[in-house]
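Notes for the one structure printed next.
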Amino acid sequence: MSSLNASLDLVLDIAGVEMTALIDFATGMVVASAGENSPVLPAVAATVAYEARSAVETYEQGTSRGELDEISVTTARRFQLMKVLEYQRGEGLLLYADVDLSRTNMALAALQIEQLSSGLLAR
Amino acid sequence: MAMTQEPLPAGVSAQGGPGPYGRLAVDRGLSQALLTSANAGRSVFLQVTGEPGGVVHLVDGGVVAIETPGAPDAETVLLRSGLIPEPGWDAAFTAAAASGRLAAEIVQQGLIGAARLEAVLRIVLADAMFVLAVGRVEECHVVDAAAPSLLALEPGAEPRRLLDETSRRLQVLAAMGSQITHDRDRVTAGAWQVTSRLPLSDSQRDILALANGRRTARDMAFALGRGVFALTLEFSRLHELGLLVVGSRRGGTPAGQADRAGSPAGPNPHQAADPAAGPGKDPVSPLPRRRAPSQPGETSPARAPQAPPALLRILRRGPSGPQVPADPEEPGRTAGQDAP
């Protein structure tokens, strides 16, 4: 098994996470994914990367302070988390997780993903 | 080369759309050869002749490496981006000389995590496939004697997913109406005197600093250790804002002339290539000629487009901001004063 897939499987073990993917920040490419196979994942990844690029550029342009950490989208039943794993001068990686809120609560899922994310690429 | 017909990924067939990428498509012969080898689970080289051409390494039907002069390889990306320090790389390279397993060595020496390295290799592969597949493909030869690549992806990437990703990239560039061709258009920083006042990201500043009229997106990808597609996207955005201008076009019409002719994209770069030049002989156009002293008020098409984009016009006419010289060679002209 690839190292990336082994890392993503750890995210998939978190209660409520149904699908997770590693997305290339600069291109919106799905580098690797685990969990439910969705045909719309490439389109979702491209959108996520676009939003993250826009947000990071806004921060870099000095209109706000700090660095982008994560972007989240919440609906009545789903919680989607886009976490910046690494970013430097236009290049980086994003972790995307799609969480079913009927199986967990948002804060717990976010905390568990946060705890895992720091070591995900070092494995 | 006898190949069985395979269904091709969506988007491989010819597409229509604005800009040079709307007319490009993943080469059908290359797709066919890749998918056939992948389905047979073969471990082979796929030699692609043309421009830029290259070699695709397949192991058990998966793509483990692609060598092409059209895109930076993993070593360039890892070193230029600073992901791996050069002294550490040299030590790992020396240590891997015996085993030939450089990837394992740099992970073992703690220079990078295995997952991070795999991500880099996958991204580099997709970029190489993009430039290879949208280039001019003359022939694809399958060579059975496969030699291992030093930095190979394990396990290999599925060719169909790589082709799908390439098609998606083409669709993105076509949808945004990109007028920049990654391997042809040499860019220069347009209205550079204004850019220093604009809020730009670090990545955009890097690009503008290197835009000296002699680099294409491909050239800059090598210089920065980034992907060709990623830089083409950035080029397109900056070009749209008028911050990047196409100075000349490799092997084709200078962009300024194409703009005035009403065909900003110019001809399909790969179709426009001179077939008499043959493989590996690139029809390179001469560098742009220095112009004779211009009339007062006349601007170079490379430096200022005929119709300045909206953002540039707004910036020059800033309602309350200080007056910015429009051209360093014309200190008398300031923002808010359009050329006659």
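In the structure tokens, chains take letters A, B, ... by order of appearance, with residues numbered from 1 within each chain and ligands from 1 in the order shown.
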Using DSSP secondary structure from the backbone, list all alpha helix (DSSP H) positions within chain A, as a PyMOL selection string.
chain A and resi 3-12+41-60+106-117
What are the residues of chain A lining chain B at 7 Å or less? Count only C-alpha atoms, and put the answer as a PDB file with C-alpha atoms, in the first residue's frame.
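Final output, selection_2.pdb:
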ATOM      1  CA  SER A   2       1.213   3.527  -0.742  1.00  0.00           C
ATOM      2  CA  SER A   3       2.321   5.747   2.124  1.00  0.00           C
ATOM      3  CA  LEU A   4      -0.244   8.350   1.173  1.00  0.00           C
ATOM      4  CA  ALA A  26      -1.702  24.859  -6.991  1.00  0.00           C
ATOM      5  CA  THR A  27      -3.595  22.743  -9.516  1.00  0.00           C
ATOM      6  CA  VAL A  31      -3.287  13.520  -5.341  1.00  0.00           C
ATOM      7  CA  GLU A  57      -3.813  35.277  -1.589  1.00  0.00           C
ATOM      8  CA  GLU A  60      -0.760  37.299   1.743  1.00  0.00           C
ATOM      9  CA  GLN A  61      -1.954  40.569   0.315  1.00  0.00           C
ATOM     10  CA  ARG A  89       4.733  30.488  -2.296  1.00  0.00           C
ATOM     11  CA  GLY A  90       1.840  29.135  -4.323  1.00  0.00           C
ATOM     12  CA  LEU A 121       2.831  13.861   5.482  1.00  0.00           C
ATOM     13  CA  ALA A 122       5.746  12.983   7.719  1.00  0.00           C
ATOM     14  CA  ARG A 123       4.841   9.314   7.801  1.00  0.00           C
TER      15      ARG A 123
END
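You can rank A:Glu91, A:Tyr59, A:Ile113, A:Asn105 by their closest distance to Arg78 of chain A using only C-alpha atoms, and at the top of that list sits A:Asn105.
When only C-alpha atoms are used to measure the gap to Met29 of chain A, the shortest distance among B:Leu210, B:Leu125, B:Leu102, B:Met220 belongs to B:Leu125.
The shortest atom-to-atom distance to Asp183 of chain B, with only C-alpha atoms taken into account, belongs to B:Thr216 out of B:Gln171, B:Thr216, B:Ser248, B:Ser43.
Every protein, DNA or RNA residue with an atom at most 9 Å from Asp100 of chain A, where only C-alpha atoms count and chain neighbours fewer than 6 positions away do not, is listed here: Ala15, Gly16, Val17, Glu18, Arg77, Arg78, Phe79 and Gln80 of chain A.
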Could those residues be written to a file, using C-alpha atoms, as a PDB file, in the first residue's frame?
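Result file follows (out.pdb):
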ATOM      1  CA  ALA A  15     -15.886   8.480  13.267  1.00  0.00           C
ATOM      2  CA  GLY A  16     -18.136  10.113  10.685  1.00  0.00           C
ATOM      3  CA  VAL A  17     -15.470  10.640   7.999  1.00  0.00           C
ATOM      4  CA  GLU A  18     -16.818   9.037   4.842  1.00  0.00           C
ATOM      5  CA  ARG A  77     -26.171  16.782   7.626  1.00  0.00           C
ATOM      6  CA  ARG A  78     -22.618  17.210   6.374  1.00  0.00           C
ATOM      7  CA  PHE A  79     -19.451  18.878   7.485  1.00  0.00           C
ATOM      8  CA  GLN A  80     -16.674  19.392   4.964  1.00  0.00           C
TER       9      GLN A  80
END
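Between Val56 of chain B and the residues B:His141, B:Arg80, B:His182, B:Arg218, the shortest atom-to-atom distance, using only C-alpha atoms, involves B:His141.
Atom CA of Glu75 of chain B sits 24.9 Å away from atom CA of Ala21 of chain A.
Within segment 61-121 of chain A, DSSP run on the backbone puts these residues in strand (DSSP E or B): Glu70, Ile71, Ser72, Val73, Thr74, Arg78, Phe79, Gln80, Leu81, Met82, Lys83, Val84, Leu85, Glu86, Tyr87, Gln88, Glu91, Gly92, Leu93, Leu94, Leu95, Tyr96, Ala97, Asp98, Val99 and Asp100 of chain A.
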Go ahead and write the selection's residues with N, CA and C atoms as an mmCIF file, in the first residue's frame.
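Heads up, here's the output in selection-v4.cif:
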data_model
loop_
_atom_site.group_PDB
_atom_site.id
_atom_site.type_symbol
_atom_site.label_atom_id
_atom_site.label_comp_id
_atom_site.auth_asym_id
_atom_site.auth_seq_id
_atom_site.Cartn_x
_atom_site.Cartn_y
_atom_site.Cartn_z
ATOM 1 N N GLU A 70 -7.705 26.540 7.887
ATOM 2 C CA GLU A 70 -8.698 25.628 7.320
ATOM 3 C C GLU A 70 -9.916 26.393 6.822
ATOM 4 N N ILE A 71 -10.654 25.736 5.947
ATOM 5 C CA ILE A 71 -11.928 26.266 5.467
ATOM 6 C C ILE A 71 -12.956 25.181 5.747
ATOM 7 N N SER A 72 -14.101 25.538 6.281
ATOM 8 C CA SER A 72 -15.125 24.510 6.510
ATOM 9 C C SER A 72 -16.461 24.936 5.913
ATOM 10 N N VAL A 73 -17.191 23.929 5.461
ATOM 11 C CA VAL A 73 -18.526 24.145 4.908
ATOM 12 C C VAL A 73 -19.474 23.239 5.688
ATOM 13 N N THR A 74 -20.553 23.801 6.191
ATOM 14 C CA THR A 74 -21.481 23.006 7.006
ATOM 15 C C THR A 74 -22.882 23.054 6.415
ATOM 16 N N ARG A 78 -24.025 17.450 6.718
ATOM 17 C CA ARG A 78 -22.618 17.210 6.374
ATOM 18 C C ARG A 78 -21.722 18.315 6.916
ATOM 19 N N PHE A 79 -20.480 17.927 7.078
ATOM 20 C CA PHE A 79 -19.451 18.878 7.485
ATOM 21 C C PHE A 79 -18.238 18.592 6.605
ATOM 22 N N GLN A 80 -17.824 19.586 5.844
ATOM 23 C CA GLN A 80 -16.674 19.392 4.964
ATOM 24 C C GLN A 80 -15.548 20.295 5.439
ATOM 25 N N LEU A 81 -14.410 19.669 5.661
ATOM 26 C CA LEU A 81 -13.263 20.396 6.212
ATOM 27 C C LEU A 81 -12.112 20.374 5.199
ATOM 28 N N MET A 82 -11.587 21.526 4.899
ATOM 29 C CA MET A 82 -10.420 21.641 4.036
ATOM 30 C C MET A 82 -9.289 22.228 4.873
ATOM 31 N N LYS A 83 -8.306 21.421 5.147
ATOM 32 C CA LYS A 83 -7.233 21.839 6.049
ATOM 33 C C LYS A 83 -5.927 22.014 5.276
ATOM 34 N N VAL A 84 -5.270 23.127 5.501
ATOM 35 C CA VAL A 84 -3.985 23.366 4.832
ATOM 36 C C VAL A 84 -2.908 22.566 5.568
ATOM 37 N N LEU A 85 -2.318 21.610 4.877
ATOM 38 C CA LEU A 85 -1.265 20.802 5.494
ATOM 39 C C LEU A 85 0.088 21.470 5.304
ATOM 40 N N GLU A 86 0.218 22.118 4.172
ATOM 41 C CA GLU A 86 1.510 22.728 3.847
ATOM 42 C C GLU A 86 1.253 23.803 2.808
ATOM 43 N N TYR A 87 1.916 24.935 2.953
ATOM 44 C CA TYR A 87 1.780 25.974 1.930
ATOM 45 C C TYR A 87 3.035 26.835 1.897
ATOM 46 N N GLN A 88 3.524 27.069 0.714
ATOM 47 C CA GLN A 88 4.663 27.980 0.552
ATOM 48 C C GLN A 88 4.688 28.511 -0.867
ATOM 49 N N GLU A 91 2.536 26.909 -3.664
ATOM 50 C CA GLU A 91 2.486 25.444 -3.696
ATOM 51 C C GLU A 91 2.109 24.914 -2.315
ATOM 52 N N GLY A 92 1.396 23.817 -2.289
ATOM 53 C CA GLY A 92 1.040 23.245 -1.004
ATOM 54 C C GLY A 92 0.066 22.093 -1.151
ATOM 55 N N LEU A 93 -0.368 21.576 -0.026
ATOM 56 C CA LEU A 93 -1.289 20.440 -0.024
ATOM 57 C C LEU A 93 -2.432 20.705 0.950
ATOM 58 N N LEU A 94 -3.609 20.260 0.545
ATOM 59 C CA LEU A 94 -4.805 20.418 1.368
ATOM 60 C C LEU A 94 -5.359 19.046 1.713
ATOM 61 N N LEU A 95 -5.839 18.925 2.928
ATOM 62 C CA LEU A 95 -6.548 17.701 3.308
ATOM 63 C C LEU A 95 -8.041 18.012 3.276
ATOM 64 N N TYR A 96 -8.774 17.189 2.559
ATOM 65 C CA TYR A 96 -10.220 17.380 2.458
ATOM 66 C C TYR A 96 -10.906 16.203 3.146
ATOM 67 N N ALA A 97 -11.873 16.496 3.992
ATOM 68 C CA ALA A 97 -12.618 15.413 4.656
ATOM 69 C C ALA A 97 -14.109 15.712 4.603
ATOM 70 N N ASP A 98 -14.864 14.699 4.238
ATOM 71 C CA ASP A 98 -16.318 14.825 4.182
ATOM 72 C C ASP A 98 -16.893 14.025 5.353
ATOM 73 N N VAL A 99 -17.563 14.722 6.251
ATOM 74 C CA VAL A 99 -18.018 14.101 7.506
ATOM 75 C C VAL A 99 -19.543 14.041 7.563
ATOM 76 N N ASP A 100 -20.045 12.872 7.989
ATOM 77 C CA ASP A 100 -21.494 12.680 8.179
ATOM 78 C C ASP A 100 -21.825 13.083 9.621
#
Please provide as a VMD selection string all residues within 6 Å of segment 103-106 of chain B, with the sequence filter that same-chain residues fewer than 3 positions apart are discarded (counting only C-alpha atoms).
chain B and resid 92 109 111 151
